[in-house]
Amino acid sequence: MPDRPRQLTPAFEDALVYAARLHAGQARKGSDTPYISHLMSVAALVLEYGGSQDQAIAGLLHDAIEDQSHGEPQRLRGEIRRRFGEEALAIVEGCTDTDEDPKPEWIVRKRRYIARLSHEDSSVALVAVADKLHNARTMFADYRAIGDELWCRFNAPRDSQLKYLMSIANAVENQVPSAIIVELREIIGQLEDPVHRIEQWTL
């Protein structure tokens, strides 16, 4: 007899609609794919790896403060807290690499984020690595389609992108299911320069 599914409450449905509206004008880098596709995929990965409803809601909202606060991050924080609670907000905060506008230089904020992530709890770690795994899956699919043209979409070159992903995997590997780390590292291996192995940044 199959296991009964963990139940999601109307708060999850509310978060899905809220995220779709919040990111309505945003597309994935280099494509016309609505950004909500990424957020739904992150939430799905969180649930597939045993995450809670609050973690799944945070998966839907993990880029909200970073990308959609429009210079008013405190207002958006207050709205997320009011609608979805302190736990969901805390996870979103943990997954936010900056709320500054304009954003600091890419490598500066990514190094700061990795250093902070290594001290976050398992709730943040699962959402963070689900985000990076979906990004890596998309990178790999696009790389197979368009080759090295892919890297022109990003704010940093291939090696920096892959070092960043590997550093995330290493930062959270003891806090999340091993299978999600294994897949992320396998994709990094498929994308890396065959001459120079990618490991991680020295922070």
# chains A, B, ... in the order shown; residues from 1 in each chain; ligands from 1

$ residues_around --residues "Asp97 in chain A" --least-positions-apart "5" --cutoff "8 Å" --atoms "only C-alpha atoms" --output "CSV table (one decimal) with C-alpha atoms, in the first residue's frame"
chain,number,residue,atom,x,y,z
A,66,GLU,CA,17.3,39.6,-3.9
A,109,ARG,CA,28.7,38.7,-3.0
A,110,LYS,CA,29.2,35.0,-3.9
A,112,ARG,CA,30.3,36.3,1.2
A,113,TYR,CA,27.3,34.0,0.6

$ residues_around --residues "Ala169 in chain A" --least-positions-apart "5" --cutoff "8 Å" --atoms "only C-alpha atoms" --output "PyMOL selection string"
chain A and resi 129+181+184-185

$ write_last_selection --atoms "C-alpha atoms" --output "PDB file, in the first residue's frame"
ATOM      1  CA  VAL A 129      21.439  23.358  -2.737  1.00  0.00           C
ATOM      2  CA  ILE A 181      25.200  16.584  -3.565  1.00  0.00           C
ATOM      3  CA  LEU A 184      25.246  18.413  -8.320  1.00  0.00           C
ATOM      4  CA  ARG A 185      28.899  17.304  -8.406  1.00  0.00           C
TER       5      ARG A 185
END

$ closest_residue --among "A:Asn174, A:Gln55, A:Gln68, A:Ser160" --to "Ala128 in chain A" --atoms "only C-alpha atoms"
A:Gln55

$ atom_distance --atom1 "CA of Asp67 in chain A" --atom2 "CA of Asp99 in chain A"
8.2 Å

$ residues_around --residues "Glu173 in chain A" --least-positions-apart "2" --cutoff "10 Å" --atoms "only C-alpha atoms" --output "ChimeraX atom specification"
/A:118,122,125-126,129,167-171,175-182

$ atom_distance --atom1 "CA of Ala43 in chain A" --atom2 "CA of Glu93 in chain A"
15.9 Å

$ closest_residue --among "A:Val124, A:Met139, A:His38, A:Ala145" --to "Ile188 in chain A" --atoms "only C-alpha atoms"
A:Met139

$ select_by_dssp --residues "chain A" --states "helix (DSSP H, G or I)" --output "number ranges by chain"
A: 10-22, 36-48, 53-61, 64-68, 73-94, 106-117, 122-153, 158-172, 178-191

$ closest_residue --among "A:Ala156, A:Val172, A:Leu150, A:Val108" --to "Asp121 in chain A" --atoms "only C-alpha atoms"
A:Val172

$ residues_around --residues "Ser37 in chain A" --least-positions-apart "5" --cutoff "10 Å" --atoms "only C-alpha atoms" --output "ChimeraX atom specification"
/A:20,27-28,42,60

$ residues_around --residues "Val46 in chain A" --least-positions-apart "5" --cutoff "8 Å" --atoms "only C-alpha atoms" --output "PDB file with N, CA and C atoms, in the first residue's frame"
ATOM      1  N   GLY A  51      11.860  17.861   2.427  1.00  0.00           N
ATOM      2  CA  GLY A  51      11.720  19.169   3.063  1.00  0.00           C
ATOM      3  C   GLY A  51      10.315  19.438   3.556  1.00  0.00           C
ATOM      4  N   SER A  52      10.210  20.385   4.460  1.00  0.00           N
ATOM      5  CA  SER A  52       8.933  20.775   5.052  1.00  0.00           C
ATOM      6  C   SER A  52       8.192  21.763   4.157  1.00  0.00           C
ATOM      7  N   GLN A  55      10.028  25.033   4.125  1.00  0.00           N
ATOM      8  CA  GLN A  55      11.173  24.997   3.210  1.00  0.00           C
ATOM      9  C   GLN A  55      10.717  25.098   1.751  1.00  0.00           C
ATOM     10  N   ALA A  56       9.625  24.428   1.421  1.00  0.00           N
ATOM     11  CA  ALA A  56       9.111  24.502   0.050  1.00  0.00           C
ATOM     12  C   ALA A  56       8.639  25.909  -0.283  1.00  0.00           C
ATOM     13  N   GLY A  59      11.541  27.848  -0.956  1.00  0.00           N
ATOM     14  CA  GLY A  59      12.015  27.548  -2.300  1.00  0.00           C
ATOM     15  C   GLY A  59      11.332  28.399  -3.352  1.00  0.00           C
ATOM     16  N   LEU A 126      19.209  22.950   2.556  1.00  0.00           N
ATOM     17  CA  LEU A 126      18.451  22.177   1.575  1.00  0.00           C
ATOM     18  C   LEU A 126      17.899  23.074   0.475  1.00  0.00           C
ATOM     19  N   VAL A 127      17.339  24.215   0.839  1.00  0.00           N
ATOM     20  CA  VAL A 127      16.796  25.121  -0.176  1.00  0.00           C
ATOM     21  C   VAL A 127      17.921  25.668  -1.046  1.00  0.00           C
ATOM     22  N   ALA A 130      19.122  22.938  -3.435  1.00  0.00           N
ATOM     23  CA  ALA A 130      18.091  22.665  -4.442  1.00  0.00           C
ATOM     24  C   ALA A 130      18.105  23.738  -5.529  1.00  0.00           C
TER      25      ALA A 130
END

$ atom_distance --atom1 "CA of Gln26 in chain A" --atom2 "CA of Glu192 in chain A"
28.2 Å

$ decode --residues "range 5-117 of chain A" --atoms "C-alpha atoms" --output "mmCIF file, in the first residue's frame"
data_model
loop_
_atom_site.group_PDB
_atom_site.id
_atom_site.type_symbol
_atom_site.label_atom_id
_atom_site.label_comp_id
_atom_site.auth_asym_id
_atom_site.auth_seq_id
_atom_site.Cartn_x
_atom_site.Cartn_y
_atom_site.Cartn_z
ATOM 1 C CA PRO A 5 1.608 12.095 0.878
ATOM 2 C CA ARG A 6 2.633 14.768 3.308
ATOM 3 C CA GLN A 7 -0.124 17.347 3.258
ATOM 4 C CA LEU A 8 0.433 20.885 2.027
ATOM 5 C CA THR A 9 -1.855 23.586 3.375
ATOM 6 C CA PRO A 10 -3.385 26.529 1.502
ATOM 7 C CA ALA A 11 -0.312 28.562 2.550
ATOM 8 C CA PHE A 12 1.693 26.702 -0.095
ATOM 9 C CA GLU A 13 -0.867 27.541 -2.770
ATOM 10 C CA ASP A 14 -0.784 31.167 -1.628
ATOM 11 C CA ALA A 15 3.016 31.181 -1.894
ATOM 12 C CA LEU A 16 2.876 29.733 -5.406
ATOM 13 C CA VAL A 17 0.484 32.447 -6.600
ATOM 14 C CA TYR A 18 2.432 35.132 -4.719
ATOM 15 C CA ALA A 19 5.739 34.037 -6.285
ATOM 16 C CA ALA A 20 4.201 33.907 -9.773
ATOM 17 C CA ARG A 21 2.922 37.472 -9.401
ATOM 18 C CA LEU A 22 6.106 38.761 -7.773
ATOM 19 C CA HIS A 23 8.315 37.431 -10.594
ATOM 20 C CA ALA A 24 5.756 37.923 -13.396
ATOM 21 C CA GLY A 25 8.029 40.080 -15.569
ATOM 22 C CA GLN A 26 11.178 37.997 -15.040
ATOM 23 C CA ALA A 27 12.621 35.312 -17.333
ATOM 24 C CA ARG A 28 15.442 32.823 -16.948
ATOM 25 C CA LYS A 29 18.815 34.137 -18.172
ATOM 26 C CA GLY A 30 19.155 33.975 -21.943
ATOM 27 C CA SER A 31 15.659 32.645 -22.545
ATOM 28 C CA ASP A 32 11.997 33.560 -22.574
ATOM 29 C CA THR A 33 11.196 30.902 -19.967
ATOM 30 C CA PRO A 34 9.139 32.461 -17.151
ATOM 31 C CA TYR A 35 11.197 32.649 -13.962
ATOM 32 C CA ILE A 36 8.477 30.907 -11.971
ATOM 33 C CA SER A 37 9.580 27.661 -13.672
ATOM 34 C CA HIS A 38 12.828 27.791 -11.664
ATOM 35 C CA LEU A 39 11.036 28.572 -8.405
ATOM 36 C CA MET A 40 8.593 25.700 -8.864
ATOM 37 C CA SER A 41 11.482 23.353 -9.655
ATOM 38 C CA VAL A 42 13.358 24.381 -6.511
ATOM 39 C CA ALA A 43 10.248 23.845 -4.368
ATOM 40 C CA ALA A 44 9.729 20.446 -6.023
ATOM 41 C CA LEU A 45 13.296 19.382 -5.255
ATOM 42 C CA VAL A 46 12.895 20.492 -1.647
ATOM 43 C CA LEU A 47 9.774 18.346 -1.259
ATOM 44 C CA GLU A 48 11.326 15.385 -3.084
ATOM 45 C CA TYR A 49 14.236 15.436 -0.641
ATOM 46 C CA GLY A 50 11.982 15.449 2.413
ATOM 47 C CA GLY A 51 11.720 19.169 3.063
ATOM 48 C CA SER A 52 8.933 20.775 5.052
ATOM 49 C CA GLN A 53 6.206 23.066 3.788
ATOM 50 C CA ASP A 54 8.085 26.088 5.142
ATOM 51 C CA GLN A 55 11.173 24.997 3.210
ATOM 52 C CA ALA A 56 9.111 24.502 0.050
ATOM 53 C CA ILE A 57 7.562 27.953 0.458
ATOM 54 C CA ALA A 58 11.059 29.365 0.898
ATOM 55 C CA GLY A 59 12.015 27.548 -2.300
ATOM 56 C CA LEU A 60 9.301 29.479 -4.105
ATOM 57 C CA LEU A 61 10.432 32.757 -2.536
ATOM 58 C CA HIS A 62 14.199 32.306 -2.258
ATOM 59 C CA ASP A 63 14.974 35.010 -4.846
ATOM 60 C CA ALA A 64 12.247 37.438 -3.794
ATOM 61 C CA ILE A 65 14.314 39.767 -1.596
ATOM 62 C CA GLU A 66 17.328 39.619 -3.884
ATOM 63 C CA ASP A 67 15.505 40.274 -7.167
ATOM 64 C CA GLN A 68 12.108 41.801 -6.459
ATOM 65 C CA SER A 69 12.413 44.180 -3.490
ATOM 66 C CA HIS A 70 12.879 47.217 -5.772
ATOM 67 C CA GLY A 71 14.935 49.077 -3.218
ATOM 68 C CA GLU A 72 12.561 48.253 -0.360
ATOM 69 C CA PRO A 73 13.824 44.960 1.113
ATOM 70 C CA GLN A 74 12.353 45.644 4.548
ATOM 71 C CA ARG A 75 8.883 46.101 3.098
ATOM 72 C CA LEU A 76 9.153 42.785 1.265
ATOM 73 C CA ARG A 77 10.526 41.042 4.367
ATOM 74 C CA GLY A 78 7.537 42.297 6.330
ATOM 75 C CA GLU A 79 5.123 41.020 3.702
ATOM 76 C CA ILE A 80 6.728 37.556 3.600
ATOM 77 C CA ARG A 81 6.696 37.380 7.408
ATOM 78 C CA ARG A 82 3.033 38.402 7.581
ATOM 79 C CA ARG A 83 1.883 35.980 4.885
ATOM 80 C CA PHE A 84 4.126 32.963 5.487
ATOM 81 C CA GLY A 85 5.651 33.280 8.957
ATOM 82 C CA GLU A 86 9.017 33.684 10.619
ATOM 83 C CA GLU A 87 10.393 30.265 9.643
ATOM 84 C CA ALA A 88 9.825 30.728 5.917
ATOM 85 C CA LEU A 89 11.260 34.243 6.095
ATOM 86 C CA ALA A 90 14.360 33.035 7.967
ATOM 87 C CA ILE A 91 15.056 30.461 5.232
ATOM 88 C CA VAL A 92 14.556 33.043 2.481
ATOM 89 C CA GLU A 93 16.951 35.362 4.332
ATOM 90 C CA GLY A 94 19.506 32.562 4.561
ATOM 91 C CA CYS A 95 19.285 31.989 0.796
ATOM 92 C CA THR A 96 19.597 35.676 -0.108
ATOM 93 C CA ASP A 97 23.105 36.653 -1.142
ATOM 94 C CA THR A 98 22.420 40.400 -1.070
ATOM 95 C CA ASP A 99 19.625 42.913 -0.626
ATOM 96 C CA GLU A 100 21.788 45.818 -1.780
ATOM 97 C CA ASP A 101 20.784 47.921 -4.786
ATOM 98 C CA PRO A 102 22.877 48.074 -6.891
ATOM 99 C CA LYS A 103 24.261 44.632 -6.154
ATOM 100 C CA PRO A 104 27.944 44.327 -5.229
ATOM 101 C CA GLU A 105 30.370 42.764 -7.714
ATOM 102 C CA TRP A 106 29.434 39.156 -8.489
ATOM 103 C CA ILE A 107 32.480 37.468 -6.975
ATOM 104 C CA VAL A 108 32.320 39.595 -3.806
ATOM 105 C CA ARG A 109 28.742 38.668 -2.996
ATOM 106 C CA LYS A 110 29.200 35.014 -3.906
ATOM 107 C CA ARG A 111 32.219 34.649 -1.615
ATOM 108 C CA ARG A 112 30.289 36.313 1.211
ATOM 109 C CA TYR A 113 27.329 34.042 0.598
ATOM 110 C CA ILE A 114 29.393 30.856 0.706
ATOM 111 C CA ALA A 115 31.139 31.929 3.903
ATOM 112 C CA ARG A 116 27.763 32.588 5.539
ATOM 113 C CA LEU A 117 26.082 29.471 4.150
#
